[in-house]
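So this block is my_file.pdb, PDB, C-alpha atoms and all ligand atoms:
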```pdb
ATOM      1  CA  MET A   7     128.013  71.961  88.559
ATOM      2  CA  PRO A   8     128.389  68.357  89.629
ATOM      3  CA  GLN A   9     131.762  67.343  90.970
ATOM      4  CA  ASN A  10     132.266  64.713  88.318
ATOM      5  CA  SER A  11     131.710  67.087  85.413
ATOM      6  CA  LYS A  12     134.260  65.070  83.430
ATOM      7  CA  ARG A  13     131.633  62.354  82.985
ATOM      8  CA  LEU A  14     129.638  62.984  79.874
ATOM      9  CA  ASP A  15     125.897  62.706  79.753
ATOM     10  CA  LEU A  16     124.965  61.189  76.424
ATOM     11  CA  THR A  17     121.283  60.756  77.246
ATOM     12  CA  GLY A  18     119.167  61.667  74.245
ATOM     13  CA  GLN A  19     122.142  61.754  71.860
ATOM     14  CA  ARG A  20     121.921  59.939  68.541
ATOM     15  CA  TYR A  21     124.743  57.849  67.120
ATOM     16  CA  GLY A  22     123.849  56.285  63.796
ATOM     17  CA  ARG A  23     120.672  54.321  64.500
ATOM     18  CA  LEU A  24     121.106  54.410  68.238
ATOM     19  CA  THR A  25     119.465  56.830  70.631
ATOM     20  CA  VAL A  26     120.971  56.835  74.111
ATOM     21  CA  ILE A  27     118.353  56.100  76.758
ATOM     22  CA  ARG A  28     120.360  56.092  79.971
ATOM     23  CA  ARG A  29     123.675  55.286  81.538
ATOM     24  CA  ALA A  30     124.414  51.602  82.032
ATOM     25  CA  GLU A  31     126.682  50.035  84.602
ATOM     26  CA  GLN A  32     130.258  51.267  84.614
ATOM     27  CA  ARG A  33     132.745  48.479  83.836
ATOM     28  CA  GLY A  34     136.288  49.238  84.793
ATOM     29  CA  GLN A  35     137.412  52.372  83.008
ATOM     30  CA  ASN A  36     134.599  52.197  80.495
ATOM     31  CA  SER A  37     131.238  53.912  80.584
ATOM     32  CA  TYR A  38     128.371  52.028  78.994
ATOM     33  CA  TRP A  39     125.032  53.323  77.759
ATOM     34  CA  PHE A  40     121.670  51.717  77.115
ATOM     35  CA  CYS A  41     120.599  52.577  73.597
ATOM     36  CA  GLN A  42     117.443  52.177  71.564
ATOM     37  CA  CYS A  43     118.001  51.173  67.952
ATOM     38  CA  ASP A  44     115.755  52.439  65.164
ATOM     39  CA  CYS A  45     114.789  48.833  64.416
ATOM     40  CA  GLY A  46     113.271  48.497  67.894
ATOM     41  CA  ASN A  47     116.001  46.527  69.625
ATOM     42  CA  THR A  48     117.897  47.804  72.612
ATOM     43  CA  THR A  49     121.606  47.365  73.102
ATOM     44  CA  GLU A  50     124.393  48.396  75.431
ATOM     45  CA  ALA A  51     127.266  50.279  73.909
ATOM     46  CA  GLN A  52     130.590  51.444  75.217
ATOM     47  CA  GLN A  53     130.855  55.203  75.355
ATOM     48  CA  GLY A  54     134.055  55.302  73.304
ATOM     49  CA  SER A  55     132.566  53.132  70.550
ATOM     50  CA  LEU A  56     129.528  55.379  70.292
ATOM     51  CA  ARG A  57     131.554  58.545  70.101
ATOM     52  CA  ASN A  58     134.094  57.314  67.550
ATOM     53  CA  GLY A  59     131.367  55.866  65.339
ATOM     54  CA  THR A  60     132.178  52.164  65.545
ATOM     55  CA  HIS A  61     128.915  51.358  67.329
ATOM     56  CA  LYS A  62     126.048  52.633  65.202
ATOM     57  CA  SER A  63     123.318  50.036  65.574
ATOM     58  CA  CYS A  64     122.263  46.970  67.544
ATOM     59  CA  GLY A  65     123.843  44.878  64.773
ATOM     60  CA  CYS A  66     121.045  45.263  62.241
ATOM     61  CA  LEU A  67     123.139  47.679  60.177
ATOM     62  CA  THR A  68     125.839  45.046  59.615
ATOM     63  CA  ARG A  69     123.228  42.485  58.603
ATOM     64  CA  GLU A  70     121.648  44.892  56.126
ATOM     65  CA  LEU A  71     124.966  45.903  54.607
ATOM     66  CA  THR A  72     125.821  42.243  54.134
ATOM     67  CA  ALA A  73     122.499  41.581  52.464
ATOM     68  CA  LYS A  74     123.033  44.569  50.193
ATOM     69  CA  ARG A  75     126.405  43.298  49.041
ATOM     70  CA  PHE A  76     124.663  40.208  47.752
ATOM     71  CA  THR A  77     121.801  41.995  46.050
ATOM     72  CA  LYS A  78     124.028  44.462  44.207
ATOM     73  CA  HIS A  79     124.787  42.049  41.401
ATOM     74  CA  GLY A  80     121.244  40.837  41.088
ATOM     75  CA  HIS A  81     121.389  37.522  39.326
ATOM     76  CA  SER A  82     125.068  36.724  39.151
ATOM     77  CA  PRO A  83     125.866  33.021  39.495
ATOM     78  CA  SER A  84     128.231  33.718  42.387
ATOM     79  CA  ARG A  85     125.447  35.314  44.359
ATOM     80  CA  LYS A  86     123.227  32.298  43.811
ATOM     81  CA  ALA A  87     126.049  30.057  44.925
ATOM     82  CA  ALA A  88     126.632  32.193  47.994
ATOM     83  CA  VAL A  89     122.992  32.136  48.994
ATOM     84  CA  ARG A  90     122.809  28.402  48.380
ATOM     85  CA  GLN A  91     125.850  27.804  50.514
ATOM     86  CA  ALA A  92     124.544  30.064  53.292
ATOM     87  CA  ASN A  93     121.247  28.170  53.275
ATOM     88  CA  THR A  94     123.031  24.848  53.364
ATOM     89  CA  ILE A  95     125.039  25.935  56.371
ATOM     90  CA  ALA A  96     121.983  27.309  58.129
ATOM     91  CA  ILE A  97     119.921  24.165  57.595
ATOM     92  CA  GLY A  98     122.598  21.534  57.803
ATOM     93  CA  GLN A  99     124.586  22.713  60.777
ATOM     94  CA  CYS A 100     122.176  24.862  62.777
ATOM     95  CA  ALA A 101     124.719  27.628  62.408
ATOM     96  CA  SER A 102     124.498  30.758  64.464
ATOM     97  CA  ASP A 103     124.016  34.163  62.872
ATOM     98  CA  ALA A 104     127.668  34.875  63.497
ATOM     99  CA  GLN A 105     128.753  31.778  61.591
ATOM    100  CA  ILE A 106     126.528  32.606  58.646
ATOM    101  CA  GLN A 107     127.836  36.157  58.705
ATOM    102  CA  ARG A 108     131.413  34.888  58.607
ATOM    103  CA  THR A 109     130.655  32.620  55.688
ATOM    104  CA  LEU A 110     128.950  35.400  53.776
ATOM    105  CA  ASP A 111     131.915  37.671  54.441
ATOM    106  CA  THR A 112     134.305  35.059  53.099
ATOM    107  CA  LEU A 113     132.197  34.479  50.019
ATOM    108  CA  SER A 114     131.820  38.188  49.507
ATOM    109  CA  MET A 115     135.552  38.686  49.513
ATOM    110  CA  ALA A 116     136.068  35.828  47.093
ATOM    111  CA  ASP A 117     133.465  37.408  44.866
ATOM    112  CA  GLY A 118     135.452  40.657  44.812
ATOM    113  CA  VAL A 119     132.471  42.758  45.825
TER
HETATM  114 ZN    ZN A 201     118.891  47.605  65.127
END
```

Could you render the structure as structure tokens?
Amino acid sequence: MPQNSKRLDLTGQRYGRLTVIRRAEQRGQNSYWFCQCDCGNTTEAQQGSLRNGTHKSCGCLTRELTAKRFTKHGHSPSRKAAVRQANTIAIGQCASDAQIQRTLDTLSMADGV
């Protein structure tokens, strides 16, 4: 048995869409792991976030869930407005993904979805 048997080895474990490839650099008290996402991206995740289920993808899951919220009501006028506004932001202000995401979230809440 290794001396530091308290340290978990998550290599090969699956958490949502992520498969743990290898241990990443330790940062302070936190262990980090390199993970491969099902979509093909790789990401680093904190051990605690993986194990409690808050880190389940490279970020693609959040994007898909957001997209789904806006396709649920097919042709509703509010969805069209939301998409139009998102496009306007994207084109007009060179917004980052995060900014578009925030806008979509706000619109989604207003829409009561
Ligand atoms: Zn992904």

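Here atom CA of Ala73 of chain A stands at a distance of 24.7 Å from atom CA of Asn58 of chain A.
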
Point to revise | Neighbourhood of ligand ZN 201 (chain A) at 8 Å, counting all atoms listed in the file, reported as a VMD selection string | key: chain A and resid 23 to 24 43 to 48 63 to 67

Exercise for review: Write out as a PyMOL selection string each polymer residue whose atoms come within 10 Å of Thr60 of chain A, counting all atoms listed in the file; drop sequence neighbours fewer than 5 positions from it.
Suggested key: chain A and resi 21-22+51-52+54-55

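Taking only C-alpha atoms into account, Gln32 of chain A lies nearest to A:Arg13 out of the set A:Thr109, A:Ala88, A:Gln19, A:Arg13.
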
Check your understanding: So which one's closest to Gln35 of chain A, A:Gln53, A:Arg75, A:Gly59, A:Val89? Using all atoms listed in the file, please.
Key ->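 Of A:Gln53, A:Arg75, A:Gly59, A:Val89, the one nearest Gln35 of chain A, counting all atoms listed in the file, is A:Gln53.
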
**Study point:** Selected residue, from A:Arg57, A:Arg33, A:Arg69, A:Glu50, that lies nearest to Leu14 of chain A when counting only C-alpha atoms
**Key:**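 Answer, going by the shortest atom-to-atom distance: A:Arg57.
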
Check your understanding: Expressed in Å to a single decimal, how great is the separation between atom CA of Ala30 of chain A and atom CA of Gln107 of chain A?
Key -> 28.2 Å

**Study point:** Using all atoms listed in the file: which of A:Asp15, A:Leu71, A:Gln42, A:Asp111 has the shortest distance to Arg29 of chain A
**Key:** A:Asp15

Point to revise | d(atom CA of Lys74 of chain A, atom CA of Phe40 of chain A) in Å | key: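 Taking atom CA of Lys74 of chain A as the start and atom CA of Phe40 of chain A as the end point, the length is 27.9 Å.
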